[in-house]
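**Student:** Dropping a structure here in structure tokens format, bear with me for questions.
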Amino acid sequence: MEISVEVPPYLRVHKDGTVERMAGIQVVPAGFDPNTNVVSKDILVIPEASVTARLYRPNFTPQNAKLPLVIYFHGGAFCISSPSDPLYHNSLNKLVAESNVVALSLNYRLAPEHPLPTAYQDSWAAIQWVASQAKAPEDWFRDNVDFEKVFLAGDSAGANIGHYMALKLNNVSKNDFELKVKGLVMVNPYFWGKEAIGVEITDPERKKMVDVWWDFVCPSDKGNDDPLINPFVEEAPSVEGVACEKVLVIVAEKDILRERGKLYHKMLSSSGWKGKAEFYETLGEDHVFHIFNPDCDKAQSLIKRIADFINEQTVN
């Protein structure tokens, strides 16, 4: 079949409209993971759109033990992967075990079949669904979630989603929303822009590749200066509206997206935002290395840093 669009290294679209993904297509079932002693199950969170999520908790969690909740948004440039991807499933098992939390990993719908802002809409609907579970029959939420200790987290595109969900929470009445988001974890956040900065200037080939991604998942006349991908443009909502007490920004030294993560942390720290912005850089590693090489020492250190951030936040 003839190819009409190619988006390396993720997918290609054929002229008949068929989408052929080249990454993020493997799946593993939910269940018990003996390596981490974490159990998971798949649940339906947005019935009208058939959007699911994978729910995790430490095995044999006592019935009335209230744990922090992590709402996780996976990466993949908005166009590949899922919570059932073995790489993400493994990473969530490790995070839940290290942090002693309940986690919900959202299977938001992907571009190009569902162009942006669908992923953002699904993510917001999922947060609303979670808030409704404080008095609902889903047993893991009812028995084991502390709705006063909720964290948003994600890597790459998922970190981008987390940022915009934290902004959206600022417009919600606390009386109408039965959860409190304490913190935001952003691992190698996927932000970009038309004008090259930092290492992007000296790496034009990789910059050209990243330029293509956003134009594909979110066609618009603003391109890579769309406020959804470039929170530094004038028309983007102010980071002062991030509705949580604490943010952890994590970057990797060899990541082409590193400069944007550093700039985000700097902008947040110097704004009128009342929270605490933390920063962590992994030396010698590239984008989301911890997903691809989860057993290396640096990946384990990264997961521990996230766990420390969550548990520091939950101290009364």
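By order in the structure tokens, chains are A, B, ...; within a chain, residues start at 1; ligands start at 1, following the order shown.
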Apply DSSP to the backbone of this structure and, from segment 40-260 of chain A, keep only the residues in helix (DSSP H, G or I); write these as a PyMOL selection string.
**Tutor:** chain A and resi 47-49+86-99+118-135+139-144+157-169+199-202+204-217+223-225+239-241+258-260
**Student:** Could you give me, as a list in words, the residues within 7 Å of Phe177 of chain A, counting only C-alpha atoms and dropping anything in the same chain fewer than 3 positions from it?
**Tutor:**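 That gives Ala131, Ser173 and Lys174 of chain A.
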**Student:** Those residues you just picked out, can you put them in a file as an mmCIF file, in the first residue's frame with all heavy atoms?
**Tutor:**
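Below is the file selection-v8.cif, written as the result:
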```cif
data_model
loop_
_atom_site.group_PDB
_atom_site.id
_atom_site.type_symbol
_atom_site.label_atom_id
_atom_site.label_comp_id
_atom_site.auth_asym_id
_atom_site.auth_seq_id
_atom_site.Cartn_x
_atom_site.Cartn_y
_atom_site.Cartn_z
ATOM 1 N N ALA A 131 -13.090 11.559 40.740
ATOM 2 C CA ALA A 131 -13.697 12.354 41.810
ATOM 3 C C ALA A 131 -15.046 11.788 42.227
ATOM 4 O O ALA A 131 -15.419 11.844 43.405
ATOM 5 C CB ALA A 131 -13.841 13.808 41.357
ATOM 6 N N SER A 173 -14.675 24.248 41.420
ATOM 7 C CA SER A 173 -15.074 24.553 42.791
ATOM 8 C C SER A 173 -14.694 23.399 43.709
ATOM 9 O O SER A 173 -15.010 22.241 43.429
ATOM 10 C CB SER A 173 -16.581 24.800 42.872
ATOM 11 O OG SER A 173 -17.002 24.830 44.217
ATOM 12 N N LYS A 174 -13.984 23.716 44.791
ATOM 13 C CA LYS A 174 -13.562 22.671 45.735
ATOM 14 C C LYS A 174 -14.761 21.946 46.333
ATOM 15 O O LYS A 174 -14.678 20.777 46.693
ATOM 16 C CB LYS A 174 -12.724 23.297 46.863
ATOM 17 C CG LYS A 174 -11.495 24.069 46.385
ATOM 18 C CD LYS A 174 -10.483 23.168 45.719
ATOM 19 C CE LYS A 174 -9.198 23.902 45.398
ATOM 20 N NZ LYS A 174 -9.328 24.927 44.378
#
```
**Student:** With the cut-off set at 10 Å and counting only C-alpha atoms, tabulate each residue of segment 234-267 of chain A with an atom at most that distance from an atom of segment 146-153 of chain A, showing the nearest atom pair and its distance in Å to one decimal, ordered by chain and increasing number, as CSV.
**Tutor:**
```
residue,atom,partner,partner_atom,distance
A:Cys244,CA,A:Phe151,CA,8.8
A:Lys246,CA,A:Phe151,CA,9.8
A:Val247,CA,A:Leu152,CA,9.6
A:Leu248,CA,A:Ala153,CA,9.3
```
**Student:** Compile a residue-level contact table for segment 262-284 of chain A against segment 216-234 of chain A at a cut-off of 9 Å, reporting for every qualifying residue the shortest atom pair and its distance in Å to one decimal, with only C-alpha atoms counted, rows ordered by chain and ascending number, as CSV.
**Tutor:**
```
residue,atom,partner,partner_atom,distance
A:Leu263,CA,A:Phe232,CA,8.6
A:Tyr264,CA,A:Phe232,CA,7.9
A:Met267,CA,A:Phe232,CA,8.3
```
**Student:** Using only C-alpha atoms, determine which residues lie at most 8 Å from Ser82 of chain A, disregarding the query and same-chain residues fewer than 2 positions distant; provide the list as a JSON list (two decimals) with all heavy atoms, in the first residue's frame.
**Tutor:**
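Output below, filename selection_37.json:
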```json
[["chain", "number", "residue", "atom", "x", "y", "z"],
["A", 24, "GLY", "N", 4.77, 0.66, 20.30],
["A", 24, "GLY", "CA", 3.70, 0.78, 21.29],
["A", 24, "GLY", "C", 2.48, -0.07, 21.00],
["A", 24, "GLY", "O", 1.38, 0.27, 21.44],
["A", 74, "HIS", "N", 0.24, 8.06, 30.15],
["A", 74, "HIS", "CA", 1.41, 7.50, 29.47],
["A", 74, "HIS", "C", 1.90, 8.42, 28.34],
["A", 74, "HIS", "O", 1.17, 9.29, 27.85],
["A", 74, "HIS", "CB", 1.10, 6.11, 28.92],
["A", 74, "HIS", "CG", 0.12, 6.10, 27.78],
["A", 74, "HIS", "ND1", 0.49, 6.38, 26.48],
["A", 74, "HIS", "CD2", -1.21, 5.82, 27.73],
["A", 74, "HIS", "CE1", -0.57, 6.30, 25.68],
["A", 74, "HIS", "NE2", -1.61, 5.95, 26.42],
["A", 80, "ILE", "N", 0.81, 6.79, 20.05],
["A", 80, "ILE", "CA", 1.09, 5.36, 20.24],
["A", 80, "ILE", "C", 1.01, 5.00, 21.72],
["A", 80, "ILE", "O", 0.98, 5.86, 22.59],
["A", 80, "ILE", "CB", 2.49, 4.95, 19.72],
["A", 80, "ILE", "CG1", 3.59, 5.66, 20.51],
["A", 80, "ILE", "CG2", 2.62, 5.19, 18.23],
["A", 80, "ILE", "CD1", 4.97, 5.04, 20.33],
["A", 84, "SER", "N", -1.59, -0.95, 28.69],
["A", 84, "SER", "CA", -1.29, -2.38, 28.57],
["A", 84, "SER", "C", -0.02, -2.67, 27.78],
["A", 84, "SER", "O", 0.36, -3.83, 27.62],
["A", 84, "SER", "CB", -2.48, -3.11, 27.93],
["A", 84, "SER", "OG", -2.81, -2.56, 26.68],
["A", 85, "ASP", "N", 0.64, -1.63, 27.28],
["A", 85, "ASP", "CA", 1.97, -1.79, 26.71],
["A", 85, "ASP", "C", 2.86, -2.39, 27.80],
["A", 85, "ASP", "O", 2.92, -1.87, 28.92],
["A", 85, "ASP", "CB", 2.49, -0.41, 26.29],
["A", 85, "ASP", "CG", 3.85, -0.44, 25.62],
["A", 85, "ASP", "OD1", 4.69, -1.29, 25.99],
["A", 85, "ASP", "OD2", 4.09, 0.41, 24.76],
["A", 88, "TYR", "N", 4.98, 0.11, 29.78],
["A", 88, "TYR", "CA", 4.28, 0.95, 30.75],
["A", 88, "TYR", "C", 3.71, 0.13, 31.90],
["A", 88, "TYR", "O", 3.71, 0.58, 33.06],
["A", 88, "TYR", "CB", 3.19, 1.78, 30.06],
["A", 88, "TYR", "CG", 3.78, 3.02, 29.44],
["A", 88, "TYR", "CD1", 3.95, 3.11, 28.06],
["A", 88, "TYR", "CD2", 4.22, 4.07, 30.23],
["A", 88, "TYR", "CE1", 4.54, 4.23, 27.50],
["A", 88, "TYR", "CE2", 4.81, 5.19, 29.68],
["A", 88, "TYR", "CZ", 4.96, 5.27, 28.31],
["A", 88, "TYR", "OH", 5.56, 6.38, 27.76],
["A", 106, "LEU", "N", -4.39, 5.78, 32.49],
["A", 106, "LEU", "CA", -5.51, 6.03, 31.58],
["A", 106, "LEU", "C", -5.19, 5.63, 30.14],
["A", 106, "LEU", "O", -4.15, 6.00, 29.59],
["A", 106, "LEU", "CB", -5.89, 7.51, 31.61],
["A", 106, "LEU", "CG", -7.07, 7.90, 30.70],
["A", 106, "LEU", "CD1", -8.36, 7.25, 31.16],
["A", 106, "LEU", "CD2", -7.21, 9.41, 30.65],
["A", 107, "ASN", "N", -6.12, 4.93, 29.53],
["A", 107, "ASN", "CA", -6.00, 4.53, 28.13],
["A", 107, "ASN", "C", -6.74, 5.56, 27.26],
["A", 107, "ASN", "O", -7.74, 5.25, 26.61],
["A", 107, "ASN", "CB", -6.60, 3.13, 27.93],
["A", 107, "ASN", "CG", -6.27, 2.55, 26.57],
["A", 107, "ASN", "OD1", -5.28, 2.92, 25.94],
["A", 107, "ASN", "ND2", -7.10, 1.63, 26.12],
["A", 108, "TYR", "N", -6.22, 6.79, 27.25],
["A", 108, "TYR", "CA", -6.86, 7.85, 26.46],
["A", 108, "TYR", "C", -6.76, 7.52, 24.96],
["A", 108, "TYR", "O", -5.87, 6.79, 24.52],
["A", 108, "TYR", "CB", -6.25, 9.22, 26.76],
["A", 108, "TYR", "CG", -4.75, 9.33, 26.53],
["A", 108, "TYR", "CD1", -4.23, 9.58, 25.25],
["A", 108, "TYR", "CD2", -3.84, 9.20, 27.58],
["A", 108, "TYR", "CE1", -2.88, 9.70, 25.04],
["A", 108, "TYR", "CE2", -2.47, 9.31, 27.38],
["A", 108, "TYR", "CZ", -2.00, 9.56, 26.10],
["A", 108, "TYR", "OH", -0.65, 9.66, 25.88]]
```
**Student:** Counting only C-alpha atoms, figure out which residue out of A:Val181, A:Leu55, A:Val28, A:Ala126 gets nearest to Lys41 of chain A.
**Tutor:**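 Result for the nearest residue to Lys41 of chain A: A:Leu55.
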**Student:** List every residue of segment 18-263 of chain A that DSSP, applied to the backbone of this structure, assigns to strand (DSSP E or B), and report them as a short mmCIF file (atom, residue, chain, number, x, y, z; two decimals) with C-alpha atoms, in the first residue's frame.
**Tutor:**
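See part33.cif below for the written result:
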```cif
data_model
loop_
_atom_site.label_atom_id
_atom_site.label_comp_id
_atom_site.auth_asym_id
_atom_site.auth_seq_id
_atom_site.Cartn_x
_atom_site.Cartn_y
_atom_site.Cartn_z
CA VAL A 19 -2.83 3.57 10.29
CA GLU A 20 0.19 1.30 10.73
CA ARG A 21 1.85 1.74 14.11
CA PHE A 32 -0.71 -10.15 39.61
CA ASP A 33 2.96 -9.26 39.13
CA VAL A 38 1.37 -5.51 42.71
CA VAL A 39 -2.03 -6.48 41.35
CA SER A 40 -3.89 -4.71 38.53
CA LYS A 41 -7.22 -4.81 36.72
CA ASP A 42 -8.81 -3.03 33.76
CA ILE A 43 -11.86 -0.84 34.33
CA LEU A 44 -14.21 1.24 32.18
CA VAL A 45 -14.05 4.94 33.08
CA ILE A 46 -15.78 6.74 30.19
CA VAL A 51 -12.27 4.60 27.37
CA THR A 52 -10.66 2.27 29.88
CA ALA A 53 -7.93 2.50 32.49
CA ARG A 54 -5.67 0.06 34.27
CA LEU A 55 -5.93 0.20 38.05
CA TYR A 56 -3.04 -0.89 40.30
CA ARG A 57 -2.53 -1.44 44.02
CA PRO A 58 -0.12 -3.37 46.25
CA LEU A 67 -3.26 5.13 50.15
CA PRO A 68 -2.36 8.08 47.92
CA LEU A 69 -3.74 7.86 44.38
CA VAL A 70 -1.60 8.49 41.28
CA ILE A 71 -3.48 9.30 38.06
CA TYR A 72 -0.99 8.43 35.33
CA PHE A 73 -0.90 9.56 31.68
CA VAL A 102 -3.03 3.05 44.18
CA ALA A 103 -2.53 4.08 40.54
CA LEU A 104 -4.87 4.59 37.62
CA SER A 105 -3.20 4.54 34.19
CA LEU A 106 -5.51 6.03 31.58
CA VAL A 145 -7.91 5.56 48.13
CA ASP A 146 -7.31 8.70 50.15
CA PHE A 147 -9.03 11.33 47.99
CA GLU A 148 -7.17 14.08 49.85
CA LYS A 149 -3.85 12.75 48.53
CA VAL A 150 -4.10 12.58 44.73
CA PHE A 151 -1.18 13.06 42.35
CA LEU A 152 -1.10 13.61 38.61
CA ALA A 153 1.87 12.04 36.83
CA GLY A 154 3.03 11.29 33.32
CA ASP A 155 5.98 11.03 30.99
CA VAL A 181 -4.54 17.05 43.88
CA LYS A 182 -1.45 17.50 46.02
CA GLY A 183 1.27 17.26 43.40
CA LEU A 184 2.26 16.88 39.75
CA VAL A 185 5.08 14.67 38.42
CA MET A 186 6.38 15.54 34.95
CA VAL A 187 8.94 13.10 33.51
CA LYS A 246 4.21 20.89 44.53
CA VAL A 247 5.60 19.98 41.09
CA LEU A 248 8.49 17.67 40.24
CA VAL A 249 10.07 18.22 36.81
CA ILE A 250 12.40 15.45 35.62
CA VAL A 251 14.68 15.76 32.58
CA ALA A 252 17.35 13.57 30.97
#
```
**Student:** Grab the atom CA of Lys298 of chain A to atom CA of Gln26 of chain A distance for me, in Å with one decimal place.
**Tutor:**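 Atom CA of Gln26 of chain A lies at a distance of 24.9 Å from atom CA of Lys298 of chain A.
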**Student:** Do you know which residues are at most 10 Å from His287 of chain A counting only C-alpha atoms, after dropping those on the same chain fewer than 6 positions away, and could you put them as a list of chain:residue names?
**Tutor:**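 After dropping sequence-adjacent residues, the list is A:Asp155, A:Ser156, A:Val187, A:Asn188, A:Pro189, A:Tyr190, A:Val251, A:Ala252, A:Glu253, A:Lys254, A:Asp255, A:Ile256, A:Leu257, A:Arg258.
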**Student:** Go ahead and write the residues just picked, all heavy atoms, as a compact mmCIF listing (two decimals), in the first residue's frame.
**Tutor:**
```txt
# COMPACT_ATOMS: atom_id res chain seq x y z
N ASP A 155 4.70 10.85 31.67
CA ASP A 155 5.98 11.03 30.99
C ASP A 155 5.71 11.51 29.57
O ASP A 155 4.71 11.16 28.96
CB ASP A 155 6.77 9.72 30.95
CG ASP A 155 6.07 8.66 30.11
OD1 ASP A 155 5.11 8.04 30.60
OD2 ASP A 155 6.48 8.47 28.95
N SER A 156 6.60 12.37 29.07
CA SER A 156 6.54 12.85 27.69
C SER A 156 5.19 13.51 27.40
O SER A 156 4.82 14.47 28.06
CB SER A 156 6.86 11.70 26.73
OG SER A 156 7.15 12.19 25.44
N VAL A 187 7.70 13.77 33.92
CA VAL A 187 8.94 13.10 33.51
C VAL A 187 9.19 13.39 32.04
O VAL A 187 8.39 13.04 31.18
CB VAL A 187 8.85 11.58 33.75
CG1 VAL A 187 10.18 10.92 33.40
CG2 VAL A 187 8.46 11.28 35.19
N ASN A 188 10.32 14.04 31.75
CA ASN A 188 10.71 14.35 30.36
C ASN A 188 9.53 14.96 29.58
O ASN A 188 9.12 14.43 28.54
CB ASN A 188 11.20 13.11 29.64
CG ASN A 188 12.32 12.38 30.36
OD1 ASN A 188 12.57 11.21 30.09
ND2 ASN A 188 12.99 13.03 31.31
N PRO A 189 8.98 16.07 30.07
CA PRO A 189 7.74 16.61 29.47
C PRO A 189 7.91 16.97 27.99
O PRO A 189 8.94 17.51 27.57
CB PRO A 189 7.45 17.86 30.31
CG PRO A 189 8.75 18.19 30.99
CD PRO A 189 9.44 16.89 31.20
N TYR A 190 6.86 16.66 27.23
CA TYR A 190 6.81 16.95 25.80
C TYR A 190 6.21 18.33 25.60
O TYR A 190 5.02 18.51 25.47
CB TYR A 190 5.99 15.88 25.08
CG TYR A 190 5.75 16.09 23.60
CD1 TYR A 190 6.65 16.80 22.79
CD2 TYR A 190 4.62 15.56 22.98
CE1 TYR A 190 6.41 16.99 21.44
CE2 TYR A 190 4.37 15.73 21.63
CZ TYR A 190 5.27 16.45 20.86
OH TYR A 190 5.04 16.63 19.52
N VAL A 251 14.14 15.72 33.94
CA VAL A 251 14.68 15.76 32.58
C VAL A 251 15.83 14.77 32.47
O VAL A 251 16.36 14.29 33.48
CB VAL A 251 15.16 17.18 32.18
CG1 VAL A 251 14.04 18.19 32.28
CG2 VAL A 251 16.35 17.62 33.04
N ALA A 252 16.21 14.46 31.24
CA ALA A 252 17.35 13.57 30.97
C ALA A 252 18.37 14.34 30.14
O ALA A 252 18.01 15.05 29.19
CB ALA A 252 16.89 12.32 30.23
N GLU A 253 19.64 14.19 30.48
CA GLU A 253 20.70 15.01 29.91
C GLU A 253 20.75 14.95 28.38
O GLU A 253 20.98 15.97 27.72
CB GLU A 253 22.05 14.57 30.47
CG GLU A 253 23.23 15.39 29.95
CD GLU A 253 24.57 14.84 30.41
OE1 GLU A 253 24.65 13.66 30.82
OE2 GLU A 253 25.56 15.61 30.35
N LYS A 254 20.53 13.77 27.78
CA LYS A 254 20.68 13.62 26.33
C LYS A 254 19.37 13.76 25.57
O LYS A 254 19.32 13.55 24.36
CB LYS A 254 21.30 12.25 26.03
CG LYS A 254 22.73 12.11 26.54
CD LYS A 254 23.33 10.77 26.16
CE LYS A 254 24.78 10.66 26.61
NZ LYS A 254 25.38 9.35 26.23
N ASP A 255 18.32 14.16 26.25
CA ASP A 255 16.99 14.27 25.65
C ASP A 255 16.87 15.59 24.88
O ASP A 255 17.16 16.66 25.42
CB ASP A 255 15.94 14.21 26.76
CG ASP A 255 14.51 14.20 26.27
OD1 ASP A 255 14.29 14.18 25.05
OD2 ASP A 255 13.60 14.22 27.13
N ILE A 256 16.43 15.53 23.63
CA ILE A 256 16.21 16.74 22.84
C ILE A 256 15.15 17.64 23.47
O ILE A 256 15.13 18.85 23.25
CB ILE A 256 15.82 16.37 21.38
CG1 ILE A 256 15.79 17.61 20.46
CG2 ILE A 256 14.48 15.65 21.34
CD1 ILE A 256 17.12 18.16 20.11
N LEU A 257 14.27 17.07 24.30
CA LEU A 257 13.23 17.85 24.97
C LEU A 257 13.70 18.46 26.29
O LEU A 257 12.93 19.17 26.94
CB LEU A 257 12.00 16.97 25.24
CG LEU A 257 11.33 16.28 24.05
CD1 LEU A 257 10.12 15.49 24.50
CD2 LEU A 257 10.92 17.30 22.99
N ARG A 258 14.93 18.22 26.65
CA ARG A 258 15.43 18.66 27.96
C ARG A 258 15.29 20.16 28.18
O ARG A 258 14.89 20.61 29.27
CB ARG A 258 16.91 18.26 28.09
CG ARG A 258 17.54 18.69 29.42
CD ARG A 258 19.04 18.51 29.40
NE ARG A 258 19.68 19.37 28.43
CZ ARG A 258 21.00 19.49 28.28
NH1 ARG A 258 21.81 18.78 29.04
NH2 ARG A 258 21.52 20.30 27.38
```
**Student:** Quick one: pull the distance between atom CA of Val27 of chain A and atom CA of Pro83 of chain A, Å, one decimal.
**Tutor:** 8.4 Å
**Student:** Find, counting only C-alpha atoms, the residue in A:Ile25, A:Arg260, A:Pro237, A:Asn64 that gets nearest to Ile197 of chain A.
**Tutor:**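 Looking at the shortest contact to Ile197 of chain A, the residue is A:Arg260.
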**Student:** If you count only C-alpha atoms, which residues fall within 7 Å of segment 300-310 of chain A, apart from same-chain ones fewer than 6 positions away, as a ChimeraX atom specification?
**Tutor:** /A:95,98-99,294
**Student:** The selected residues should be written to file as a PDB file, in the first residue's frame (atoms: C-alpha atoms).
**Tutor:**
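Once everything was written out, this is out.pdb:
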```
ATOM      1  CA  LEU A  95       6.098   2.805  40.746  1.00  0.00           C
ATOM      2  CA  GLU A  98       8.072   1.690  45.453  1.00  0.00           C
ATOM      3  CA  SER A  99       5.526   4.377  46.377  1.00  0.00           C
ATOM      4  CA  PRO A 294      13.676  -0.067  33.882  1.00  0.00           C
TER       5      PRO A 294
END
```
**Student:** Using only C-alpha atoms, which residue out of A:Val199, A:Ala77, A:Ala166, A:Ala65 lies closest to Pro9 of chain A?
**Tutor:**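 Of A:Val199, A:Ala77, A:Ala166, A:Ala65, the one nearest Pro9 of chain A is A:Ala77, counting only C-alpha atoms.
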**Student:** Which residues are near Trp273 of chain A? Cut-off 6 Å, only C-alpha atoms, ignore same chain within fewer than 2 positions. Put them as a list of chain:residue names.
**Tutor:**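 With the cut-off at 6 Å, the set is A:Glu240, A:Ser271, A:Gly275.
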**Student:** How many Å separate atom CA of Arg12 of chain A from atom CA of Val212 of chain A?
**Tutor:**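 Computing the Euclidean distance for atom CA of Arg12 of chain A and atom CA of Val212 of chain A yields 12.3 Å.
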**Student:** Using only C-alpha atoms, which of A:Gln121, A:Asn293, A:Thr282, A:Ser270 sits nearest Ala49 of chain A?
**Tutor:**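 That would be A:Gln121, the residue with the smallest distance to Ala49 of chain A.
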**Student:** Using only C-alpha atoms for the distances, tell me which of A:Thr118, A:Ser81, A:Asn171, A:Asn90 is nearest to Ala30 of chain A.
**Tutor:** A:Asn90
